[in-house]
Amino acid sequence: MRLQQPARHWALGLIVPLLLQGPVRAGQFAESAALPPLAGVGVPTDPALVGAPYLDPARPLEVRVDDLLARLTPQEKASLLHGSGGFADYGGIGRIGLPRIVMTDGPQGVRAEVPTTALPSGIALAASWNTGLAERYGALLGRDAKATGHRVLLGPGVNLARTPLNGRNFEYFGEDPLLAGKIAAGYIRGVQSEGVAACIKHLVANDQESARLAASSELDERTLREFHLRPFEIAVREAGPWAVMPGYNRVRGVAAVDNAHVNRTLMREAAGSDAAFVSDWGAWDDGADAAALNGGTTLRMPFDADAKYDRGLLELVRRGQVAQPTLDEAVRRNLRLLFRVGAFDPAGAVPPRHAAGNAALARQAALEGAVLLKNDGATLPFDPARVKRVLVLGPNADRRFTMAQGGDELLKLGGSGATFPVQEITALAGLRERLGAQVIGYPWQLAGGKLDRDGLALAARAVDAVVFVGGIDFSFDHEGNSGERPDKTTLALPGPQAEVVKLLAAANPRTVAVLAGGSPMALGELAAAAPALLLQWYPGQEGGRALADLLFGDVSPSGKLPFTLGKRLADWRVHRLGAAAYPGLLFGKDGKPARKQPDLTRSQYFRGDVRVAYLEGPALGYRGFELDGIAPDFAFGHGLSYTRFDYSDARLSADGGAVTFTLRNAGPRAGAEVVQLYARPPGTAATVPENDRPLRGLVGFAKVRLEPGESRVVTLPFRAADLATWSDARRGWRSWPGAWTLEVAASSQDVRATVGFDQP
């Protein structure tokens with residue numbers, strides 16, 4: 001068993017000094033300065049290669065790969081197994097006409113030395129439940145990547161929200177593997193439609209930032225295959241990402257970059273991935289080249305051009321530690337990536353960085369992802385004829401969540417998910433654009449955290465409506481290298497937010513609470529006090545304008561929760577199972593838990609054998625809540641609208657592979673409904689031990705837009721294979737014959753119709 005030793009990581013030796021030098025701004029931490037469009041492409045310095053078949057863009061991809069692979073020298077093959085300098089450069093072999101290509105972070109906005117579009121966070125995209133929007137979102141990122149000289153985008157991240165405390169839940173796509181996989185597939189199709197590679201990450205079960213560089217995810221095969229690997233498998237099947245990133249963690253004691261079971265058996269053989277496998281930055285350890293190559297990782301990032309190191313890689317083959325076909329396979333996958341991103345082809349037109357439509361798409365994504373959690377008494381939307389003077393206050397009323405207008409420290413704005421746009425419209429700015437001087441600001445609390453109760457009440461009574469903008473920020477949601485604790489430590493909202501909302505609502509019944517954040521929060525007291533509650537996530541550069549659109553009814557909310565909002569941390573099963581389940585335990589050389597346990601939540605940096613036991617098994621997210629009979633504050637898939645939708649005539653399709661029903665907009669406004677399909681196993685399955693039996697879960701969904709009074713027949717296909725479970729005893733998939741129930745629903749707890757399905 002090889003343990004990750006972070007102090008030895010080449011890249012971390014570069015990152016850590018940056019973190020210690022004080023403020024880190026957009027330009028300082030970008031992976032590389034933006035480069036001009038690729039120049040000199042396809043012009044080898046070796047005259048014998050001019051006109052070679054691999055340089056002909058008209059030839060099939062695999063023909064080009066085969067041709068170039070056969071022409072490479074051993075030294076060139078070795079050099080294609082690692083980066084070539086800087087923080088994200090790769091390639092640069094003049095003899096074959098290969099320029100450097102540059103990779104970049106940018107799951108929700110390409111990060112470069114120049115401003116690009118800042119889209120809503122990944123969790124907001126997941127809350128849209130709109131795969132078409134995900135594709136347009138990805139295409140915009142692809143264009144921005146090309147415009148800034150980047151050919152590989154390090155995203156999307158599809159790790160599941162196993163714990164509501166994970167610092168990077170804001171980047172990911174929620175708690176359900178089907179939703180995460182489908183949104184990721186749309187995103188990837190969009191990015192790659194622009195000739196830019198999407199690098200799906202972090203393979204696999206990399207579900208916490210605490211001790212992330214040392215942790216081993218200890219999970220059984222069923223939990224791995226059916227849940228944590230499944231978003232990757234769906235993305236491979238439906239979109240074919242050109243790159244895959246194994247993470248920092250270990251999986252059952254084997255480093256992710258070395259893990260042949262995951263990288264080879266599951267991703268390549270079972271899922272069919274033909275991608276390059278790119279190590280997370282510094283995850284490929286010094287001295288572990290054979291383990292990484294044999295384990296299926298094909299590209300070490302970052303690294304310098306290093307002839308001595310290349311000779312060492314070739315020596316591994318000579319000594320029999322790495323088979324020649326294994327090395328050639330790795331090079332083949334990396335060449336495939338290079339050809340796919342056009343590295344050997346003439347440079348095409350470069351899209352503008354601030355193309356018309358970019359801001360509109362950012363606004364549309366913010367609109368579709370916003371979730372209306374509560375709307376008592378039709379508090380929303382505001383009637384423009386009656387609501388002209390609005391009080392706007394709260395900790396996030398005028399807070400920026402991007403590095404716009406000079407920005408803030410990158411690591412205080414999420415880490416690798418931070419964005420750098422030209423401008424960001426805050427909630428306060430967006431409402432002032434609409435109402436001008438009729439928007440009144442007021443301090444929500446005084447110095448020392450005291451409340452001006454009388455002043456708040458007077459201010460609330462003097463206006464037509466109150467908008468309190470609260471929630472959390474990137475001091476809670478962030479990558480593990482932020483300098484803060486790597487994960488959240490609580491679900492509680494900071495400060496007396498619930499108390500203030502209660503006071504405001506008592507003074508003015510037209511009070512709306514708008515929440516920012518990217519992970520579950522405990523909302524019980526605040527939700528009880530607020531007449532209306534809107535979750536806007538981290539809404540990107542156009543968030544304030546989108547908020548004004550939603551509050552005044554220009555657009556009806558259509559987002560749905562991509563994770564469950566529990567009442568307390570112990571509602572999640574993982575947090576009732578002790579430190580072994582989260583954040584993990586440090587084990588000694590004797591294979592037993594150390595007598596004195598460090599606080600693993602303090603840092604991502606730990607040496608030694610840290611193990612995180614996935615004791616909850618398949619009881620992840622809403623499945624666990626249902627199994628344990630725990631009622632959440634708001635269910636997975638919940639979200640309200642300004643209109644009303646009726647469901648009728650549900651039936652199984654003639655071929656038995658879909659459910660069809662009629663959806664009607666029975667309300668007065670245009671709107672979109674996210675229709676969801678859940679499969680409930682036969683009653684006989686309940687007699688089987690929990691870890692072996694199938695669980696009720698999401699098997700399909702769609703977003704349907706309807707005008708007032710409009711009806712549409714909706715078809716929700718499902719895969720019978722998704723009803724099977726992995727059996728360790730059988731070492732294969734097990735089907736469950738019998739009478740299944742297919743539930744057409746508006747959320748995981750709001751079933752509108754049921755249809756029987758006999759699984760043979």
# chains A, B, ... in the order shown; residues from 1 in each chain; ligands from 1
call {"tool": "residues_around", "arguments": {"residues": "A:Ala745", "least_positions_apart": "5", "cutoff": "8 Å", "atoms": "only C-alpha atoms", "output": "JSON, numbers by chain"}}
result
{"A": [675, 676, 677, 678, 750, 751, 752, 753]}
call {"tool": "write_last_selection", "arguments": {"atoms": "all heavy atoms", "output": "mmCIF file, in the first residue's frame"}}
result
data_model
loop_
_atom_site.group_PDB
_atom_site.id
_atom_site.type_symbol
_atom_site.label_atom_id
_atom_site.label_comp_id
_atom_site.auth_asym_id
_atom_site.auth_seq_id
_atom_site.Cartn_x
_atom_site.Cartn_y
_atom_site.Cartn_z
ATOM 1 N N VAL A 675 -40.028 17.410 -13.936
ATOM 2 C CA VAL A 675 -40.763 16.180 -13.645
ATOM 3 C C VAL A 675 -39.751 15.079 -13.362
ATOM 4 O O VAL A 675 -38.727 14.958 -14.041
ATOM 5 C CB VAL A 675 -41.700 15.808 -14.798
ATOM 6 C CG1 VAL A 675 -42.803 16.840 -14.927
ATOM 7 C CG2 VAL A 675 -40.949 15.713 -16.125
ATOM 8 N N GLN A 676 -40.014 14.303 -12.351
ATOM 9 C CA GLN A 676 -39.059 13.317 -11.857
ATOM 10 C C GLN A 676 -39.693 11.935 -11.815
ATOM 11 O O GLN A 676 -40.889 11.809 -11.522
ATOM 12 C CB GLN A 676 -38.582 13.725 -10.460
ATOM 13 C CG GLN A 676 -37.941 15.109 -10.423
ATOM 14 C CD GLN A 676 -37.944 15.750 -9.052
ATOM 15 O OE1 GLN A 676 -37.623 15.111 -8.050
ATOM 16 N NE2 GLN A 676 -38.311 17.031 -8.995
ATOM 17 N N LEU A 677 -38.904 10.912 -12.096
ATOM 18 C CA LEU A 677 -39.374 9.531 -12.085
ATOM 19 C C LEU A 677 -38.528 8.734 -11.099
ATOM 20 O O LEU A 677 -37.299 8.672 -11.231
ATOM 21 C CB LEU A 677 -39.279 8.923 -13.487
ATOM 22 C CG LEU A 677 -39.850 7.512 -13.651
ATOM 23 C CD1 LEU A 677 -41.361 7.513 -13.431
ATOM 24 C CD2 LEU A 677 -39.529 6.962 -15.044
ATOM 25 N N TYR A 678 -39.197 8.143 -10.119
ATOM 26 C CA TYR A 678 -38.528 7.318 -9.111
ATOM 27 C C TYR A 678 -39.012 5.882 -9.250
ATOM 28 O O TYR A 678 -40.180 5.640 -9.601
ATOM 29 C CB TYR A 678 -38.833 7.832 -7.697
ATOM 30 C CG TYR A 678 -38.269 9.210 -7.430
ATOM 31 C CD1 TYR A 678 -38.980 10.358 -7.807
ATOM 32 C CD2 TYR A 678 -37.034 9.372 -6.824
ATOM 33 C CE1 TYR A 678 -38.466 11.622 -7.584
ATOM 34 C CE2 TYR A 678 -36.507 10.644 -6.600
ATOM 35 C CZ TYR A 678 -37.232 11.767 -6.981
ATOM 36 O OH TYR A 678 -36.712 13.015 -6.759
ATOM 37 N N ASP A 750 -43.008 14.225 -3.205
ATOM 38 C CA ASP A 750 -44.266 14.734 -3.753
ATOM 39 C C ASP A 750 -44.627 13.916 -4.990
ATOM 40 O O ASP A 750 -44.408 14.330 -6.127
ATOM 41 C CB ASP A 750 -44.130 16.218 -4.098
ATOM 42 C CG ASP A 750 -45.431 16.836 -4.594
ATOM 43 O OD1 ASP A 750 -46.472 16.156 -4.554
ATOM 44 O OD2 ASP A 750 -45.398 18.008 -5.020
ATOM 45 N N VAL A 751 -45.181 12.721 -4.749
ATOM 46 C CA VAL A 751 -45.520 11.799 -5.837
ATOM 47 C C VAL A 751 -46.892 12.164 -6.385
ATOM 48 O O VAL A 751 -47.871 12.268 -5.641
ATOM 49 C CB VAL A 751 -45.495 10.340 -5.330
ATOM 50 C CG1 VAL A 751 -45.945 9.383 -6.438
ATOM 51 C CG2 VAL A 751 -44.095 9.975 -4.846
ATOM 52 N N ARG A 752 -46.980 12.334 -7.710
ATOM 53 C CA ARG A 752 -48.231 12.759 -8.344
ATOM 54 C C ARG A 752 -48.970 11.610 -9.033
ATOM 55 O O ARG A 752 -50.176 11.692 -9.250
ATOM 56 C CB ARG A 752 -47.948 13.856 -9.369
ATOM 57 C CG ARG A 752 -47.272 15.092 -8.785
ATOM 58 C CD ARG A 752 -48.145 15.805 -7.764
ATOM 59 N NE ARG A 752 -47.521 17.016 -7.259
ATOM 60 C CZ ARG A 752 -47.659 18.215 -7.804
ATOM 61 N NH1 ARG A 752 -48.382 18.370 -8.894
ATOM 62 N NH2 ARG A 752 -47.069 19.263 -7.262
ATOM 63 N N ALA A 753 -48.257 10.550 -9.415
ATOM 64 C CA ALA A 753 -48.901 9.420 -10.086
ATOM 65 C C ALA A 753 -47.983 8.208 -9.982
ATOM 66 O O ALA A 753 -46.762 8.355 -9.852
ATOM 67 C CB ALA A 753 -49.184 9.742 -11.552
#
call {"tool": "select_by_dssp", "arguments": {"residues": "stretch 140-351 of chain A", "states": "helix (DSSP H, G or I)", "output": "JSON, numbers by chain"}}
result
{"A": [140, 141, 142, 143, 144, 145, 146, 147, 177, 178, 179, 180, 181, 182, 183, 184, 185, 186, 187, 188, 189, 190, 191, 192, 193, 221, 222, 223, 224, 225, 226, 227, 228, 230, 231, 232, 233, 234, 235, 236, 237, 238, 256, 257, 258, 260, 261, 262, 263, 264, 265, 266, 267, 268, 269, 270, 289, 290, 291, 292, 293, 294, 295, 307, 308, 309, 310, 311, 312, 313, 314, 315, 316, 317, 318, 324, 325, 326, 327, 328, 329, 330, 331, 332, 333, 334, 335, 336, 337, 338, 339, 340]}
call {"tool": "closest_atom_pairs", "arguments": {"of": "stretch 121-154 of chain A", "to": "stretch 353-376 of chain A", "cutoff": "10 Å", "atoms": "only C-alpha atoms", "output": "CSV"}}
result
residue,atom,partner,partner_atom,distance
A:Ser121,CA,A:Ala366,CA,9.0
A:Gly122,CA,A:Gly369,CA,9.7
A:Ile123,CA,A:Gly369,CA,8.3
A:Ala124,CA,A:Gly369,CA,4.8
A:Leu125,CA,A:Gly369,CA,5.7
A:Ala126,CA,A:Gly369,CA,7.2
A:Ala127,CA,A:Gly369,CA,4.8
A:Ser128,CA,A:Gly369,CA,4.2
A:Trp129,CA,A:Gly369,CA,7.9
A:Asn130,CA,A:Glu368,CA,8.2
A:Leu133,CA,A:Ala365,CA,7.2
A:Ala134,CA,A:Ala365,CA,8.7
A:Arg136,CA,A:Leu361,CA,7.9
A:Tyr137,CA,A:Leu361,CA,7.4
A:Leu140,CA,A:Asn358,CA,7.0
A:Leu141,CA,A:Asn358,CA,9.6
A:Arg143,CA,A:Arg353,CA,7.7
A:Asp144,CA,A:Arg353,CA,5.7
A:Ala145,CA,A:Arg353,CA,8.7
A:Lys146,CA,A:Arg353,CA,8.8
A:Ala147,CA,A:Arg353,CA,5.6
A:Thr148,CA,A:Arg353,CA,7.4
call {"tool": "atom_distance", "arguments": {"atom1": "atom CA of A:Ala347", "atom2": "atom CA of A:Val102"}}
result
14.5 Å
call {"tool": "closest_atom_pairs", "arguments": {"of": "stretch 591-684 of chain A", "to": "stretch 705-712 of chain A", "cutoff": "10 Å", "atoms": "only C-alpha atoms", "output": "CSV"}}
result
residue,atom,partner,partner_atom,distance
A:Thr643,CA,A:Pro708,CA,8.2
A:Arg644,CA,A:Pro708,CA,9.2
A:Phe645,CA,A:Leu706,CA,9.2
A:Asp646,CA,A:Ser711,CA,9.1
A:Tyr647,CA,A:Ser711,CA,9.7
A:Phe661,CA,A:Arg712,CA,8.3
A:Thr662,CA,A:Arg712,CA,5.6
A:Leu663,CA,A:Arg712,CA,5.4
A:Arg664,CA,A:Ser711,CA,4.1
A:Asn665,CA,A:Gly709,CA,5.2
A:Ala666,CA,A:Gly709,CA,5.5
A:Gly667,CA,A:Pro708,CA,5.9
A:Pro668,CA,A:Pro708,CA,5.4
A:Arg669,CA,A:Pro708,CA,5.3
A:Ala670,CA,A:Glu707,CA,4.3
A:Gly671,CA,A:Arg705,CA,5.7
A:Ala672,CA,A:Arg705,CA,4.1
A:Glu673,CA,A:Arg705,CA,6.5
A:Val674,CA,A:Arg705,CA,8.9
call {"tool": "select_by_dssp", "arguments": {"residues": "stretch 184-305 of chain A", "states": "strand (DSSP E)", "output": "ChimeraX atom specification"}}
result
/A:197-203,215-218,243-246,250-251,254-255,276-277
call {"tool": "residues_around", "arguments": {"residues": "stretch 624-639 of chain A", "least_positions_apart": "3", "cutoff": "8 Å", "atoms": "only C-alpha atoms", "output": "PDB file with C-alpha atoms, in the first residue's frame"}}
result
ATOM      1  CA  VAL A 371     -35.020  27.367  -6.008  1.00  0.00           C
ATOM      2  CA  LEU A 372     -38.150  28.833  -4.445  1.00  0.00           C
ATOM      3  CA  LEU A 373     -38.326  26.880  -1.191  1.00  0.00           C
ATOM      4  CA  LEU A 523     -32.823  26.675   7.703  1.00  0.00           C
ATOM      5  CA  GLY A 524     -35.530  25.632  10.142  1.00  0.00           C
ATOM      6  CA  SER A 558     -38.055  26.555 -11.872  1.00  0.00           C
ATOM      7  CA  GLY A 559     -35.072  25.210  -9.934  1.00  0.00           C
ATOM      8  CA  LYS A 560     -35.284  22.104  -7.762  1.00  0.00           C
ATOM      9  CA  LEU A 561     -33.014  21.007  -4.933  1.00  0.00           C
ATOM     10  CA  PRO A 562     -30.114  18.757  -6.021  1.00  0.00           C
ATOM     11  CA  PHE A 563     -29.619  17.652  -2.418  1.00  0.00           C
ATOM     12  CA  THR A 564     -31.692  17.220   0.725  1.00  0.00           C
ATOM     13  CA  LEU A 565     -31.886  20.027   3.263  1.00  0.00           C
ATOM     14  CA  GLY A 566     -31.976  18.338   6.649  1.00  0.00           C
ATOM     15  CA  LYS A 567     -32.767  19.973   9.958  1.00  0.00           C
ATOM     16  CA  ASP A 571     -30.055  13.788   9.983  1.00  0.00           C
ATOM     17  CA  TRP A 572     -27.420  12.568   7.534  1.00  0.00           C
ATOM     18  CA  ARG A 573     -26.581   8.977   8.393  1.00  0.00           C
ATOM     19  CA  GLU A 616     -23.609   4.472   5.321  1.00  0.00           C
ATOM     20  CA  PRO A 618     -25.951   3.059  -0.327  1.00  0.00           C
ATOM     21  CA  ALA A 619     -27.949   5.179   2.162  1.00  0.00           C
ATOM     22  CA  LEU A 620     -26.720   8.387   0.545  1.00  0.00           C
ATOM     23  CA  GLY A 621     -28.723  11.616   0.577  1.00  0.00           C
ATOM     24  CA  GLN A 676     -39.059  13.317 -11.857  1.00  0.00           C
ATOM     25  CA  ALA A 746     -42.557  16.805  -8.413  1.00  0.00           C
ATOM     26  CA  SER A 747     -39.971  15.984  -5.731  1.00  0.00           C
ATOM     27  CA  SER A 748     -38.701  12.896  -3.958  1.00  0.00           C
ATOM     28  CA  GLN A 749     -41.571  13.322  -1.474  1.00  0.00           C
TER      29      GLN A 749
END
call {"tool": "residues_around", "arguments": {"residues": "A:Thr426", "least_positions_apart": "3", "cutoff": "7 Å", "atoms": "only C-alpha atoms", "output": "MDAnalysis selection string"}}
result
chainID A and resid 397:400 429:430 543:544
call {"tool": "write_last_selection", "arguments": {"atoms": "N, CA, C and O atoms", "output": "compact mmCIF listing (two decimals), in the first residue's frame"}}
result
# COMPACT_ATOMS: atom_id res chain seq x y z
N ALA A 397 -26.09 41.03 0.82
CA ALA A 397 -26.83 41.95 -0.04
C ALA A 397 -25.93 42.60 -1.09
O ALA A 397 -26.32 42.76 -2.25
N ASP A 398 -24.74 42.98 -0.69
CA ASP A 398 -23.83 43.63 -1.64
C ASP A 398 -22.48 42.91 -1.70
O ASP A 398 -21.47 43.51 -2.03
N ARG A 399 -22.48 41.63 -1.38
CA ARG A 399 -21.24 40.85 -1.39
C ARG A 399 -20.99 40.30 -2.79
O ARG A 399 -21.89 39.78 -3.44
N ARG A 400 -19.76 40.42 -3.23
CA ARG A 400 -19.35 39.80 -4.49
C ARG A 400 -18.83 38.39 -4.20
O ARG A 400 -18.13 38.17 -3.23
N ALA A 429 -27.15 45.73 -6.24
CA ALA A 429 -26.98 46.44 -7.51
C ALA A 429 -28.07 46.05 -8.50
O ALA A 429 -28.57 46.91 -9.25
N GLY A 430 -28.46 44.78 -8.53
CA GLY A 430 -29.50 44.35 -9.46
C GLY A 430 -30.84 44.98 -9.17
O GLY A 430 -31.58 45.39 -10.09
N GLY A 543 -26.04 37.58 -11.20
CA GLY A 543 -26.95 37.16 -10.15
C GLY A 543 -27.93 38.21 -9.69
O GLY A 543 -29.11 37.92 -9.45
N GLY A 544 -27.49 39.45 -9.55
CA GLY A 544 -28.38 40.51 -9.08
C GLY A 544 -29.49 40.81 -10.05
O GLY A 544 -30.64 41.08 -9.66
call {"tool": "closest_atom_pairs", "arguments": {"of": "stretch 238-338 of chain A", "to": "stretch 88-99 of chain A", "cutoff": "10 Å", "atoms": "only C-alpha atoms", "output": "JSON lines"}}
result
{"residue": "A:Trp281", "atom": "CA", "partner": "A:Ala88", "partner_atom": "CA", "distance": 9.0}
{"residue": "A:Leu299", "atom": "CA", "partner": "A:Tyr90", "partner_atom": "CA", "distance": 9.4}
{"residue": "A:Arg300", "atom": "CA", "partner": "A:Tyr90", "partner_atom": "CA", "distance": 9.8}
{"residue": "A:Met301", "atom": "CA", "partner": "A:Ala88", "partner_atom": "CA", "distance": 7.1}
{"residue": "A:Pro302", "atom": "CA", "partner": "A:Ala88", "partner_atom": "CA", "distance": 5.9}
{"residue": "A:Phe303", "atom": "CA", "partner": "A:Ala88", "partner_atom": "CA", "distance": 8.3}
{"residue": "A:Asp304", "atom": "CA", "partner": "A:Asp89", "partner_atom": "CA", "distance": 8.6}
{"residue": "A:Ala305", "atom": "CA", "partner": "A:Gly91", "partner_atom": "CA", "distance": 9.1}
{"residue": "A:Asn334", "atom": "CA", "partner": "A:Gly91", "partner_atom": "CA", "distance": 9.9}
{"residue": "A:Leu335", "atom": "CA", "partner": "A:Gly91", "partner_atom": "CA", "distance": 9.9}
{"residue": "A:Leu338", "atom": "CA", "partner": "A:Gly91", "partner_atom": "CA", "distance": 8.6}
call {"tool": "residues_around", "arguments": {"residues": "A:Pro231", "least_positions_apart": "2", "cutoff": "7 Å", "atoms": "only C-alpha atoms", "output": "list in words"}}
result
Val158, Pro177, Leu178, Ala180, Gly181, His228, Leu229, Glu233, Ile234 and Ala235 of chain A
call {"tool": "residues_around", "arguments": {"residues": "A:Ala594", "least_positions_apart": "5", "cutoff": "12 Å", "atoms": "only C-alpha atoms", "output": "PyMOL selection string"}}
result
chain A and resi 580+584-589+608-611
call {"tool": "residues_around", "arguments": {"residues": "A:Asn396", "least_positions_apart": "4", "cutoff": "8 Å", "atoms": "only C-alpha atoms", "output": "ChimeraX atom specification"}}
result
/A:400,427,469-473,516
call {"tool": "write_last_selection", "arguments": {"atoms": "all heavy atoms", "output": "PDB file, in the first residue's frame"}}
result
ATOM      1  N   ARG A 400     -19.755  40.425  -3.229  1.00  0.00           N
ATOM      2  CA  ARG A 400     -19.349  39.796  -4.487  1.00  0.00           C
ATOM      3  C   ARG A 400     -18.827  38.395  -4.204  1.00  0.00           C
ATOM      4  O   ARG A 400     -18.125  38.167  -3.226  1.00  0.00           O
ATOM      5  CB  ARG A 400     -18.268  40.617  -5.180  1.00  0.00           C
ATOM      6  CG  ARG A 400     -18.778  41.896  -5.816  1.00  0.00           C
ATOM      7  CD  ARG A 400     -17.672  42.647  -6.534  1.00  0.00           C
ATOM      8  NE  ARG A 400     -16.693  43.213  -5.598  1.00  0.00           N
ATOM      9  CZ  ARG A 400     -15.517  42.681  -5.326  1.00  0.00           C
ATOM     10  NH1 ARG A 400     -15.150  41.549  -5.911  1.00  0.00           N
ATOM     11  NH2 ARG A 400     -14.699  43.251  -4.476  1.00  0.00           N
ATOM     12  N   ALA A 427     -26.812  41.490  -5.471  1.00  0.00           N
ATOM     13  CA  ALA A 427     -28.253  41.578  -5.249  1.00  0.00           C
ATOM     14  C   ALA A 427     -28.694  43.034  -5.124  1.00  0.00           C
ATOM     15  O   ALA A 427     -29.686  43.462  -5.743  1.00  0.00           O
ATOM     16  CB  ALA A 427     -28.624  40.795  -3.993  1.00  0.00           C
ATOM     17  N   VAL A 469     -30.913  39.374   2.228  1.00  0.00           N
ATOM     18  CA  VAL A 469     -30.014  38.510   1.458  1.00  0.00           C
ATOM     19  C   VAL A 469     -28.965  37.953   2.406  1.00  0.00           C
ATOM     20  O   VAL A 469     -28.059  38.673   2.848  1.00  0.00           O
ATOM     21  CB  VAL A 469     -29.351  39.273   0.293  1.00  0.00           C
ATOM     22  CG1 VAL A 469     -28.593  38.293  -0.595  1.00  0.00           C
ATOM     23  CG2 VAL A 469     -30.404  40.029  -0.516  1.00  0.00           C
ATOM     24  N   GLY A 470     -29.116  36.694   2.745  1.00  0.00           N
ATOM     25  CA  GLY A 470     -28.224  36.061   3.717  1.00  0.00           C
ATOM     26  C   GLY A 470     -27.641  34.769   3.198  1.00  0.00           C
ATOM     27  O   GLY A 470     -27.293  34.645   2.038  1.00  0.00           O
ATOM     28  N   GLY A 471     -27.544  33.789   4.101  1.00  0.00           N
ATOM     29  CA  GLY A 471     -26.935  32.517   3.740  1.00  0.00           C
ATOM     30  C   GLY A 471     -25.501  32.450   4.204  1.00  0.00           C
ATOM     31  O   GLY A 471     -25.133  32.964   5.269  1.00  0.00           O
ATOM     32  N   ILE A 472     -24.643  31.843   3.384  1.00  0.00           N
ATOM     33  CA  ILE A 472     -23.227  31.699   3.709  1.00  0.00           C
ATOM     34  C   ILE A 472     -22.395  32.255   2.564  1.00  0.00           C
ATOM     35  O   ILE A 472     -22.931  32.856   1.625  1.00  0.00           O
ATOM     36  CB  ILE A 472     -22.866  30.227   4.019  1.00  0.00           C
ATOM     37  CG1 ILE A 472     -23.223  29.302   2.843  1.00  0.00           C
ATOM     38  CG2 ILE A 472     -23.584  29.760   5.288  1.00  0.00           C
ATOM     39  CD1 ILE A 472     -22.834  27.849   3.062  1.00  0.00           C
ATOM     40  N   ASP A 473     -21.088  32.073   2.623  1.00  0.00           N
ATOM     41  CA  ASP A 473     -20.196  32.600   1.592  1.00  0.00           C
ATOM     42  C   ASP A 473     -18.998  31.675   1.468  1.00  0.00           C
ATOM     43  O   ASP A 473     -18.985  30.562   2.010  1.00  0.00           O
ATOM     44  CB  ASP A 473     -19.778  34.041   1.923  1.00  0.00           C
ATOM     45  CG  ASP A 473     -19.135  34.153   3.296  1.00  0.00           C
ATOM     46  OD1 ASP A 473     -18.315  33.284   3.664  1.00  0.00           O
ATOM     47  OD2 ASP A 473     -19.450  35.119   4.028  1.00  0.00           O
ATOM     48  N   ALA A 516     -27.681  32.867  -0.291  1.00  0.00           N
ATOM     49  CA  ALA A 516     -26.527  32.439  -1.082  1.00  0.00           C
ATOM     50  C   ALA A 516     -25.906  31.237  -0.393  1.00  0.00           C
ATOM     51  O   ALA A 516     -26.088  31.015   0.804  1.00  0.00           O
ATOM     52  CB  ALA A 516     -25.515  33.570  -1.202  1.00  0.00           C
TER      53      ALA A 516
END
call {"tool": "atom_distance", "arguments": {"atom1": "atom CA of A:Asn481", "atom2": "atom CA of A:Gly414"}}
result
9.4 Å
call {"tool": "closest_residue", "arguments": {"among": "A:Asp220, A:Glu238, A:Asp306, A:Asp487", "to": "A:Arg602", "atoms": "only C-alpha atoms"}}
result
A:Asp487
